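Q: This structure is in C-alpha cells; I'll ask about it shortly.
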Amino acid sequence: MKLSNPSNNSFTSNFVKTFQSEILFILVTTLSGIVLARYLGPTGRGQYIAITMWSTLISWYLNCNVYLTVIYYWKNLTDERHDFIKTLFVTGFMLGGIGCAVGEFLIIPKMFGEVNTQTLTAIRIFFLALTLGIACDVILGALAAENRFNFVNITRILNPLFVTCGMVVLSIFNSLNVASALYILFSVYTAIAISTFIYGYRNGYLKGKVRFKLLFTLWYGVKAQGGTIADATAGNASTMILSLMLPPAALGYYSTARSSVGPLSSASKAIQRVSFPKLTGISSEKINDRTMNLWRKSLLLNVIIAIPFTLCLPFLIPLLFGLEYKLSIVPAVILILFILIEGQTMIFRNAVNGSGKTIVNTTTEVISAVFIITTLLLTVSHWGVIGAAIVTVISALLKLIIYIYEYNRSVKKVVWKQFLPTVEDFGFLLNSFRSLSLRVFRLFLRKRAFK
C-alpha cells in the first residue's frame with residue numbers, strides 16, 4: 001500500500017512483507033487456538049486464556065511504551081543514540097524483573113491459588129518469561145525506527161509456529177493440558193527473547209553506555225502509559241469479567257470467537273506497524289495526507305475481505321474448532337465489526353501519536369476502559385458472551401469517535417468526504433492485487449522451470 005507519495009517504495013515493500021507476516025502469524029495462532037480448543041475443551045481453554053491474559057496485562061502495565069519512545073527519539077538523539085538504546089534496554093530489564101515479581105507474589109496467589117499443583121508450578125515458571133519482554137521491545141523499536149522489519153516479521157511467525165508445533169506434538173501423544181501448554185509457551189518465549197538480544201547485540205544497538213539522564217525520554221511514553229494501561233484493561237476487560245462472573249467454559253467460547261475473527265485484522269495490523277514511523281517528525285499537512293490516504297484504502301480493503309469472511313464464519317467455526325463451539329458463532333459475527341472499527345481507529349491513533357500528542361491515548365483509553373468495564377458488569381450476567389461482544393463493539397466505536405475528535409483538534413480538521421473511498425482508491429487496490437498475483441504466478445513458473 002502506498003501513501004500519497006507514489007515513489008515511496010520502502011513503505012510499500014515493508015507493508016507487503018509485514019502483511020504477509022501478519023497473515024502467517026494469525027493463521028498459525030488460529031491453528032494453535034484450534035488445537036487448544038479441541039484438546040482442552042471450553043473449560044480448559046478458558047483457564048489457559050485467563051493465565052496468559054494476566055501475563056500480558058503485567059507486561060503492558062509496566063512497559064512505559066518503550067517501543068514508541070525509541071521510534072520517536074531515534075531521529076532526535078543521533079549523537080547519543082547508542083547510549084539511549086542501552087539505557088532503555090537496562091531499564092526494560094529492570095521493569096521486567098518487577099513484573100515477574102508482581103506475577104509470582106501477587107497475581108498467582110490471588111487468582112490461581114486453587115489450581116492443582118502441576119498447573120500451579122507451570123504458571124510460576126511461565127511468569128518468569130516476563131523478565132526479558134520489555135527489554136526486547138527496545139531492540140524491536142530500534143529496528144522499526146530504521147524501517148528494518150525482516151527480523152521482527154520472522155520472529156513474529158516463528159513464535160506462534162514453534163508454539164503450535166509443540167502443542168501438536170503433545171496432542172499426538174495425548175499429553176496436551178494446561179500445564180504442558182504453558183511450558184511450551186515459556187520455552188518459545190525465552191528462546192525468541194534471547195535471539196532478539198543476540199540480534200540487537202550483533203547490530204551494535206547495545207554498544208553504548210548506560211546514562212540515566214536519558215531517562216527523560218521515557219516521559220514521551222509515560223504520557224501515554226495511562227492510555228496503555230487503560231487500553232490493556234479495556235481490551236482484556238471481557239476476558240477478566242467473564243472469568244470472574246461466568247464459568248470457565250464461557251471464556252472458552254468468547255476466546256474462540258475472538259480467535260476465529262483474528263485473520264480479518266491482518267491488513268490493519270500490517271498498516272499499523274509500518275505507518276507509525278512514517279507519521280512522526282513531519283508537518284501536520286503531510287500527516288493528514290498520509291492518514292486519510294491510509295484510512296480510505298484500509299477501509300476499502302477490510303470491507304472487501306470482511307463480506308465473504310462473514311458469510312463463511314458460521315460454517316468454519318464448527319468445522320475447525322468443533323461442534324461444541326457453536327455458541328461462539330454469534331459473538332464472532334458481532335466481533336467482525338470490532339475488528340473493522342479497531343483497525344481504522346489505529347490509523348488515527350498513530351497519527352495523533354506521531355504529532356507528539358500521546359497524552360490523548362490516556363484520555364481516550366481511560367474513557368473506553370471505564371465504559372466497557374461498567375457496561376460489562378451490568379450486562380454480562382444477563383447476556384453472557386453475546387453481551388460481551390456487543391459491548392466490545394460499542395467501546396471500539398467510542399474510541400474511534402474520540403480519536404477523530406482529537407485528530408481534528410491536534411492535527412487538522414477533516415472534511416467528511418475525505419473518509420469515503422474513491423474510484424482511485426479502488427483502482428489502486430485492484431492494480432495492487434493484480435500486480436501481486438502476477439508476481440506470485442511468475443515465482444511459481446520460475447520454480448517449475450528450475451525443477
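Identifiers in this document derive from the order of the C-alpha cells: chains are assigned A, B, ..., residues are numbered from 1 separately in each chain, and ligands are numbered from 1 in order of occurrence.
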Within 9 Å of region 191-206 of chain A, which residues of region 49-129 of chain A come that close, and what is the closest atom pair and distance in Å for each? Count only C-alpha atoms and give it as a tab-separated table.
A:
residue	atom	partner	partner_atom	distance
A:Arg81	CA	A:Tyr205	CA	8.5
A:His82	CA	A:Tyr205	CA	6.0
A:Asp83	CA	A:Leu206	CA	7.8
A:Ile85	CA	A:Tyr205	CA	6.4
A:Lys86	CA	A:Leu206	CA	5.0
A:Thr87	CA	A:Leu206	CA	8.8
A:Phe89	CA	A:Leu206	CA	8.0
A:Ala129	CA	A:Ala193	CA	8.8
Q: Give me a file of those residues, with C-alpha atoms, as an mmCIF file, in the first residue's frame.
A:
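Wrote again.cif, looks like this:
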data_model
loop_
_atom_site.group_PDB
_atom_site.id
_atom_site.type_symbol
_atom_site.label_atom_id
_atom_site.label_comp_id
_atom_site.auth_asym_id
_atom_site.auth_seq_id
_atom_site.Cartn_x
_atom_site.Cartn_y
_atom_site.Cartn_z
ATOM 1 C CA ARG A 81 21.594 7.025 20.029
ATOM 2 C CA HIS A 82 23.592 4.066 21.333
ATOM 3 C CA ASP A 83 23.616 5.352 24.905
ATOM 4 C CA ILE A 85 19.175 2.410 23.468
ATOM 5 C CA LYS A 86 21.451 0.847 26.091
ATOM 6 C CA THR A 87 19.861 2.902 28.862
ATOM 7 C CA PHE A 89 17.338 -1.693 27.453
ATOM 8 C CA ALA A 129 9.345 -15.098 30.916
#
Q: Quick one: residues within 9 Å of region 377-379 of chain A, only C-alpha atoms, excluding same-chain residues fewer than 3 positions away - as a count of residues only?
A: 11
Q: When you look at Ser265 (chain A) with a cut-off of 8 Å (counting only C-alpha atoms), what residues show up, excluding the ones that are within fewer than 6 positions of it in the same chain? I need them as JSON, numbers by chain.
A: {"A": [339, 340, 343]}
Q: With N, CA and C atoms retained, could you export that selection as a compact mmCIF listing (two decimals), in the first residue's frame?
A:
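Writing the result to part09.txt gives the following:
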# COMPACT_ATOMS: atom_id res chain seq x y z
N ILE A 339 -13.35 -5.71 14.82
CA ILE A 339 -12.08 -5.78 14.09
C ILE A 339 -11.98 -4.64 13.08
N LEU A 340 -13.07 -4.37 12.35
CA LEU A 340 -13.07 -3.30 11.35
C LEU A 340 -12.86 -1.93 12.00
N GLY A 343 -9.28 -1.48 13.55
CA GLY A 343 -8.25 -1.25 12.53
C GLY A 343 -8.23 0.19 12.05
Q: What is the CA of Ile184 (chain A)-CA of Ile139 (chain A) distance in Å, reported with one decimal?
A: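 If I compute the distance from CA of Ile184 (chain A) to CA of Ile139 (chain A), I get 24.0 Å.
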Q: Tell me which protein, DNA and RNA residues are within 7 Å of Gly99 (chain A), counting only C-alpha atoms, leaving out same-chain ones fewer than 3 positions away, and put them as a ChimeraX atom specification.
A: /A:58-59,62,95-96,102-103,130
Q: So what do you get for CA of Ile123 (chain A) versus CA of Gly166 (chain A), distance-wise?
A: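 Result for CA of Ile123 (chain A) versus CA of Gly166 (chain A): 17.4 Å, one decimal.
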Q: If we count only C-alpha atoms and set the cut-off at 12 Å, which residues sit around Leu242 (chain A), ignoring sequence neighbours fewer than 2 positions away in its own chain? Please answer as JSON, numbers by chain.
A: {"A": [46, 47, 49, 50, 236, 237, 238, 239, 240, 244, 245, 246, 247, 248, 249, 250, 251, 252, 253, 254, 255, 373, 376, 377, 379, 380, 381, 382, 383, 384, 385, 386, 387, 388, 389]}
Q: Could you pull out the residues in region 182-221 of chain A that DSSP calls helix (DSSP H, G or I) from the backbone, as a VMD selection string?
A: chain A and resid 182 to 202 212 to 221
